[in-house]
Amino acid sequence: MNEKKWNFIFLVIDIAFFAALVLWLFLPLFIINTGFKIELLTAESFRLFPFSFLLFLVPAVLLFKISSIFLKGKYPAVFTQNHYIPFIVNFVFSGLPLLFIILFILSKNIDMSDLDIYTILIIIFAVIYNVIQPINIINNIRYLSPSYKSYEALSKSSGSMQQIKQQQKSGRLGILQKLLILFIITNLVIIISLSTLLLSQFKKTIVGSVIATGTVLAEQSASFILGNLKDNATEKKMLNIEVDTYLKRLMEKNKVSLLPFDSISWYKDIKSSDLSFAVLSTDDKLVGMELKKEYKHIFEVTNFYSPQSQSYDIVAPIFLGDKKLGYSIVQYKQDVIFKTYRQTQFRILILAILFIYLAIILVYIIGTNIVFPILFLQMNTRKISSTLSNMIVGSEEIKASSLQYEDMIHTQDEIKTLSLEINKMVTVIKGIIPYISSSTLQYSDTEGKTSTIKDLAFVFTDIRGFTTMSEGKTPNEVVAILNYYLNLQTQIILQNKGDIDKFVGDEVMSVFDGPDKELNACKAGLEIQRAMQSEKEKRIANNEPTVNIGIGINSGQAVFGSMGAVERMDFTCIGDNVNIAARLEGANKEYKTKSLITENVYNKVRHIYLCREIDLMTVKGKKEPVKIYEILEEKSKIKKDTQLLKEGFEKGLKAYREKRWDEALSIFNDNIEKFKDGPSRVFYDRCIIFKKIPPPSDWDYIFNMTVK
């Protein structure tokens, strides 16, 4: 939509608003019984607010805007949206009724129910319309500035304007929108929280005051009636006159009370029955009414709330000795006593709208002072990067003069400092370019291969049973479950100063560096085991498939660096020590263990963790045997059964290596029965085989693992 159409739409909206405002202002003056519950333009209103005469200029503004359609050639400032005059006029004359209404509400005892629907709509329309005007003024100040015009020209030439429009269409929020939402929500939370707290306390105070005042009135009335019953025991007519006079005096005082009662009544017991009827009351409708049953069995002043009549009743029994003669009842209508509460509630609402309005304007001013400089900075850096990219691909001649950075930031803040730093960086690049050959610059964005030998610890984990768990699930469900378990492990590894090298399906390779790398690796391994066990127990409780995990840990030197192709590089580790850690993870299946470590790791952690020797084995592709251990538990948390398991297994392992098959079988069987130990089962089965088919005389008890 072009600028002319936008200008015309804005003008139509202006005319519609001011026409509605004129009707709201002047209908009560010329039409009798308009339905308005309050008339704002009264003589009293004008005495209260001397500035209100400005409201009579609203019709003149309306006529001026209508005439601007026909006078747009002579008065372009009135018609176009590229000048400040129309927005300033709109801001002033849309704010006047708001200010008038706010001051009127704050000075009068009115609440929301006192406003007619048209006035409420005008308030809403005026607030929205009034907020838009200063925003338009701020935008015009920005848009008409030379800096923004340069930015707009640069955006169009580089194609960035199209990207910005696509970003706006995608619904992504910018800094300004986020600031507005944040401040509005913050203000609302604060205002609602405080007002709810204060209004709740205020409501309790009102009810408490009513009950306290009503209690005093009920007791005084009961005392007065009792005194007159004694003095006029035989003169019923005189008694009624005196009580009636007393009630009339109370009604006179009630007229100026802040919390007026609705009625005070005297209910007299009927001797011939168990009933009580109203004899006298400030409300003639109550005379002759029967006392509510729930009031008849009280012996002291009591207050009741009646949901049906929405009133508070304070009932005081009248006793002469032990004899009950009747009741004095003071009644307060809920609508009347909560009138002040509703007025306060409405005033808080008005103030809340005012504060939110001011927050929007202030945040918009602050936000634009942040957003516009960032946009200018973005365009300039994009210009520099685009020029450099063109030089690298050879589409632009390589020369320092092509790099031109225009500092468009005029604020004195961190963004200005950043702009100056970028300018310095561009200056340095411009100084370097003459000393760089064309070929060097064109290959400058290609990463070179760099590598080094480092002493590291490696942890491999692999989820067992994941394939079975994935059966019958959709791809999205499988990925969600896998990501959950991988995230669980990743968090533990990172918390223990490790780093993720790669994910391969349901396998994780992580690397630990530093003097405590073996300790951190083992700690991470045990925590992963505990976390996976906890998840397993949850799934068992829900009758869901479960998974286990195998962990292999080794440490030593490995080649670490950038490896791969020219177009695709990766930082990773390779070497025998890495392969051994990977094989240990797989060996858990063979030995029915959970976490296997090498002797090198064992020597570094043996003072902290309880471990048991498992075997001496060779991995696929290696001839040199590796002594492996299973890490069981921290020594500070060790249980007696774990210690017995370790001692028993190692005795059995010694007997196994010394070919004492029967003794080994007995020890391993004992471990199996007591602890259901997997490795004991593995060696028990080996002993049975070796007992039938003994190993050669030069047997070195080394197990050759032929699978990965």
# chains A, B, ... in the order shown; residues from 1 in each chain; ligands from 1

$ residues_around --residues "Ser281 (chain A)" --least-positions-apart "2" --cutoff "6 Å" --atoms "only C-alpha atoms" --output "list in words"
Ile264, Ser265 and Asp283 of chain A

$ residues_around --residues "region 589-593 of chain A" --least-positions-apart "4" --cutoff "10 Å" --atoms "only C-alpha atoms" --output "list in words"
Arg464, Ile549, Gly550, Ile551, Leu584, Glu585, Ile614, Asp615, Tyr629, Glu630, Ile631, Leu632, Asp677, Gly678, Pro679, Ser680, Arg681, Val682, Phe683, Met705 and Val707 of chain A

$ residues_around --residues "Asp506 (chain A)" --least-positions-apart "5" --cutoff "12 Å" --atoms "only C-alpha atoms" --output "list in words"
Phe460, Thr461, Asp462, Ile463, Arg464, Gly465, Phe466, Thr467, Ser470, Val478, Val479, Ile481, Leu482, Asn483, Tyr484, Tyr485, Leu486, Asn487, Gln489, Val547, Asn548, Ile549 and Gly550 of chain A

$ residues_around --residues "Glu219 (chain A)" --least-positions-apart "3" --cutoff "12 Å" --atoms "only C-alpha atoms" --output "list in words"
Ile211, Ala212, Thr213, Gly214, Thr215, Val216, Ala222, Ser223, Phe224, Ile225, Leu226, Ile264, Trp266, Glu300, Val301, Thr302, Ile314, Val315, Ala316, Pro317, Ile318, Phe319, Tyr327, Ser328, Ile329 and Val330 of chain A

$ residues_around --residues "region 648-662 of chain A" --least-positions-apart "4" --cutoff "12 Å" --atoms "only C-alpha atoms" --output "number ranges by chain"
A: 611-616, 629-630, 641-644, 666-672, 674-703

$ select_by_dssp --residues "region 453-513 of chain A" --states "helix (DSSP H, G or I)" --output "list in words"
Phe466, Thr467, Thr468, Met469, Ser470, Pro475, Asn476, Glu477, Val478, Val479, Ala480, Ile481, Leu482, Asn483, Tyr484, Tyr485, Leu486, Asn487, Leu488, Gln489, Thr490, Gln491, Ile492, Ile493, Leu494 and Gln495 of chain A

$ atom_distance --atom1 "CA of Ala19 (chain A)" --atom2 "CA of Tyr118 (chain A)"
13.2 Å

$ closest_residue --among "A:Ile433, A:Leu375, A:Leu62, A:Val256" --to "Ile13 (chain A)" --atoms "only C-alpha atoms"
A:Leu62

$ atom_distance --atom1 "CA of Lys203 (chain A)" --atom2 "CA of Ile190 (chain A)"
19.5 Å

$ residues_around --residues "Leu259 (chain A)" --least-positions-apart "5" --cutoff "8 Å" --atoms "only C-alpha atoms" --output "list of chain:residue names"
A:Val210, A:Val336, A:Ile337

$ select_by_dssp --residues "region 576-685 of chain A" --states "strand (DSSP E)" --output "list of chain:residue names"
A:Ser595, A:Leu596, A:Ile597, A:Thr598, A:Tyr609, A:Leu610, A:Cys611, A:Arg612, A:Glu613, A:Ile614, A:Asp615, A:Leu616, A:Met617, A:Thr618, A:Val626, A:Lys627, A:Ile628, A:Tyr629, A:Glu630, A:Ile631, A:Leu632, A:Glu633, A:Glu634

$ write_last_selection --atoms "C-alpha atoms" --output "compact mmCIF listing (two decimals), in the first residue's frame"
# COMPACT_ATOMS: atom_id res chain seq x y z
CA SER A 595 31.50 -49.89 33.97
CA LEU A 596 34.92 -51.16 32.94
CA ILE A 597 38.18 -49.25 33.36
CA THR A 598 41.79 -49.95 32.41
CA TYR A 609 36.73 -45.79 44.29
CA LEU A 610 36.30 -49.46 45.17
CA CYS A 611 37.16 -51.53 42.09
CA ARG A 612 37.59 -55.23 41.41
CA GLU A 613 39.86 -56.82 38.86
CA ILE A 614 37.86 -58.53 36.14
CA ASP A 615 40.28 -60.05 33.66
CA LEU A 616 43.35 -59.75 31.50
CA MET A 617 42.22 -59.49 27.90
CA THR A 618 43.26 -58.44 24.45
CA VAL A 626 45.00 -55.08 29.00
CA LYS A 627 44.16 -55.60 32.66
CA ILE A 628 40.60 -54.42 33.22
CA TYR A 629 38.65 -53.52 36.37
CA GLU A 630 35.05 -52.87 37.20
CA ILE A 631 34.39 -49.69 39.16
CA LEU A 632 31.88 -50.51 41.91
CA GLU A 633 31.35 -47.58 44.28
CA GLU A 634 32.95 -44.67 46.10

$ atom_distance --atom1 "CA of Ile492 (chain A)" --atom2 "CA of Leu519 (chain A)"
13.7 Å

$ decode --residues "region 604-646 of chain A" --atoms "N, CA and C atoms" --output "mmCIF file, in the first residue's frame"
data_model
loop_
_atom_site.group_PDB
_atom_site.id
_atom_site.type_symbol
_atom_site.label_atom_id
_atom_site.label_comp_id
_atom_site.auth_asym_id
_atom_site.auth_seq_id
_atom_site.Cartn_x
_atom_site.Cartn_y
_atom_site.Cartn_z
ATOM 1 N N LYS A 604 44.874 -44.447 39.146
ATOM 2 C CA LYS A 604 44.624 -43.039 39.481
ATOM 3 C C LYS A 604 43.416 -42.864 40.403
ATOM 4 N N VAL A 605 42.530 -43.858 40.454
ATOM 5 C CA VAL A 605 41.282 -43.667 41.213
ATOM 6 C C VAL A 605 41.121 -44.681 42.347
ATOM 7 N N ARG A 606 42.062 -45.592 42.536
ATOM 8 C CA ARG A 606 41.908 -46.675 43.511
ATOM 9 C C ARG A 606 41.745 -46.161 44.934
ATOM 10 N N HIS A 607 42.287 -44.966 45.248
ATOM 11 C CA HIS A 607 42.146 -44.418 46.602
ATOM 12 C C HIS A 607 40.771 -43.797 46.835
ATOM 13 N N ILE A 608 40.032 -43.590 45.782
ATOM 14 C CA ILE A 608 38.694 -42.975 45.893
ATOM 15 C C ILE A 608 37.591 -44.005 45.659
ATOM 16 N N TYR A 609 37.793 -44.868 44.682
ATOM 17 C CA TYR A 609 36.732 -45.792 44.287
ATOM 18 C C TYR A 609 37.127 -47.245 44.574
ATOM 19 N N LEU A 610 36.121 -48.019 44.977
ATOM 20 C CA LEU A 610 36.300 -49.456 45.167
ATOM 21 C C LEU A 610 36.145 -50.136 43.803
ATOM 22 N N CYS A 611 37.177 -50.858 43.387
ATOM 23 C CA CYS A 611 37.156 -51.531 42.093
ATOM 24 C C CYS A 611 37.549 -52.995 42.290
ATOM 25 N N ARG A 612 37.153 -53.824 41.372
ATOM 26 C CA ARG A 612 37.587 -55.227 41.408
ATOM 27 C C ARG A 612 38.188 -55.581 40.048
ATOM 28 N N GLU A 613 39.243 -56.368 40.106
ATOM 29 C CA GLU A 613 39.857 -56.816 38.863
ATOM 30 C C GLU A 613 38.926 -57.817 38.194
ATOM 31 N N ILE A 614 38.757 -57.645 36.881
ATOM 32 C CA ILE A 614 37.856 -58.528 36.139
ATOM 33 C C ILE A 614 38.632 -59.554 35.327
ATOM 34 N N ASP A 615 39.600 -59.098 34.535
ATOM 35 C CA ASP A 615 40.283 -60.053 33.661
ATOM 36 C C ASP A 615 41.503 -59.384 33.038
ATOM 37 N N LEU A 616 42.256 -60.214 32.345
ATOM 38 C CA LEU A 616 43.351 -59.754 31.497
ATOM 39 C C LEU A 616 42.962 -60.149 30.085
ATOM 40 N N MET A 617 42.757 -59.165 29.222
ATOM 41 C CA MET A 617 42.217 -59.490 27.903
ATOM 42 C C MET A 617 42.949 -58.711 26.824
ATOM 43 N N THR A 618 42.780 -59.173 25.616
ATOM 44 C CA THR A 618 43.264 -58.438 24.448
ATOM 45 C C THR A 618 42.053 -58.033 23.622
ATOM 46 N N VAL A 619 42.089 -56.819 23.096
ATOM 47 C CA VAL A 619 40.973 -56.337 22.277
ATOM 48 C C VAL A 619 41.270 -56.612 20.821
ATOM 49 N N LYS A 620 40.258 -56.565 20.009
ATOM 50 C CA LYS A 620 40.420 -56.839 18.585
ATOM 51 C C LYS A 620 41.373 -55.815 17.969
ATOM 52 N N GLY A 621 42.362 -56.344 17.209
ATOM 53 C CA GLY A 621 43.326 -55.476 16.567
ATOM 54 C C GLY A 621 44.547 -55.203 17.415
ATOM 55 N N LYS A 622 44.595 -55.724 18.651
ATOM 56 C CA LYS A 622 45.729 -55.492 19.550
ATOM 57 C C LYS A 622 46.220 -56.838 20.105
ATOM 58 N N LYS A 623 47.553 -57.006 20.213
ATOM 59 C CA LYS A 623 48.129 -58.225 20.762
ATOM 60 C C LYS A 623 48.478 -58.074 22.238
ATOM 61 N N GLU A 624 48.790 -56.841 22.654
ATOM 62 C CA GLU A 624 49.193 -56.608 24.043
ATOM 63 C C GLU A 624 47.979 -56.691 24.959
ATOM 64 N N PRO A 625 48.033 -57.528 26.018
ATOM 65 C CA PRO A 625 46.870 -57.654 26.903
ATOM 66 C C PRO A 625 46.651 -56.406 27.764
ATOM 67 N N VAL A 626 45.397 -56.221 28.166
ATOM 68 C CA VAL A 626 45.000 -55.077 28.996
ATOM 69 C C VAL A 626 44.323 -55.618 30.244
ATOM 70 N N LYS A 627 44.812 -55.205 31.408
ATOM 71 C CA LYS A 627 44.162 -55.601 32.657
ATOM 72 C C LYS A 627 42.979 -54.660 32.887
ATOM 73 N N ILE A 628 41.816 -55.244 33.098
ATOM 74 C CA ILE A 628 40.605 -54.420 33.222
ATOM 75 C C ILE A 628 39.976 -54.602 34.599
ATOM 76 N N TYR A 629 39.299 -53.545 35.053
ATOM 77 C CA TYR A 629 38.647 -53.519 36.366
ATOM 78 C C TYR A 629 37.219 -53.010 36.199
ATOM 79 N N GLU A 630 36.402 -53.438 37.130
ATOM 80 C CA GLU A 630 35.047 -52.871 37.198
ATOM 81 C C GLU A 630 35.001 -51.900 38.368
ATOM 82 N N ILE A 631 34.531 -50.687 38.101
ATOM 83 C CA ILE A 631 34.392 -49.694 39.161
ATOM 84 C C ILE A 631 33.049 -49.924 39.844
ATOM 85 N N LEU A 632 33.088 -50.108 41.170
ATOM 86 C CA LEU A 632 31.884 -50.506 41.907
ATOM 87 C C LEU A 632 31.207 -49.349 42.632
ATOM 88 N N GLU A 633 31.987 -48.622 43.463
ATOM 89 C CA GLU A 633 31.349 -47.583 44.284
ATOM 90 C C GLU A 633 32.443 -46.711 44.894
ATOM 91 N N GLU A 634 32.022 -45.515 45.354
ATOM 92 C CA GLU A 634 32.950 -44.671 46.098
ATOM 93 C C GLU A 634 33.225 -45.324 47.453
ATOM 94 N N LYS A 635 34.475 -45.253 47.880
ATOM 95 C CA LYS A 635 34.831 -45.889 49.146
ATOM 96 C C LYS A 635 34.121 -45.236 50.328
ATOM 97 N N SER A 636 33.808 -43.955 50.219
ATOM 98 C CA SER A 636 33.110 -43.268 51.312
ATOM 99 C C SER A 636 31.660 -43.721 51.443
ATOM 100 N N LYS A 637 31.109 -44.366 50.396
ATOM 101 C CA LYS A 637 29.706 -44.789 50.413
ATOM 102 C C LYS A 637 29.582 -46.313 50.335
ATOM 103 N N ILE A 638 30.679 -47.015 50.535
ATOM 104 C CA ILE A 638 30.691 -48.458 50.306
ATOM 105 C C ILE A 638 29.780 -49.192 51.294
ATOM 106 N N LYS A 639 29.113 -50.221 50.789
ATOM 107 C CA LYS A 639 28.267 -51.074 51.616
ATOM 108 C C LYS A 639 28.995 -52.399 51.881
ATOM 109 N N LYS A 640 28.595 -53.061 52.944
ATOM 110 C CA LYS A 640 29.251 -54.315 53.341
ATOM 111 C C LYS A 640 29.123 -55.368 52.247
ATOM 112 N N ASP A 641 27.952 -55.470 51.623
ATOM 113 C CA ASP A 641 27.728 -56.468 50.579
ATOM 114 C C ASP A 641 28.645 -56.240 49.394
ATOM 115 N N THR A 642 28.875 -54.951 49.061
ATOM 116 C CA THR A 642 29.754 -54.641 47.930
ATOM 117 C C THR A 642 31.176 -55.091 48.219
ATOM 118 N N GLN A 643 31.616 -54.867 49.466
ATOM 119 C CA GLN A 643 32.967 -55.293 49.859
ATOM 120 C C GLN A 643 33.085 -56.816 49.810
ATOM 121 N N LEU A 644 32.068 -57.513 50.301
ATOM 122 C CA LEU A 644 32.077 -58.978 50.281
ATOM 123 C C LEU A 644 32.065 -59.511 48.851
ATOM 124 N N LEU A 645 31.310 -58.841 47.989
ATOM 125 C CA LEU A 645 31.257 -59.231 46.579
ATOM 126 C C LEU A 645 32.648 -59.129 45.952
ATOM 127 N N LYS A 646 33.325 -58.016 46.194
ATOM 128 C CA LYS A 646 34.665 -57.802 45.635
ATOM 129 C C LYS A 646 35.637 -58.880 46.139
#
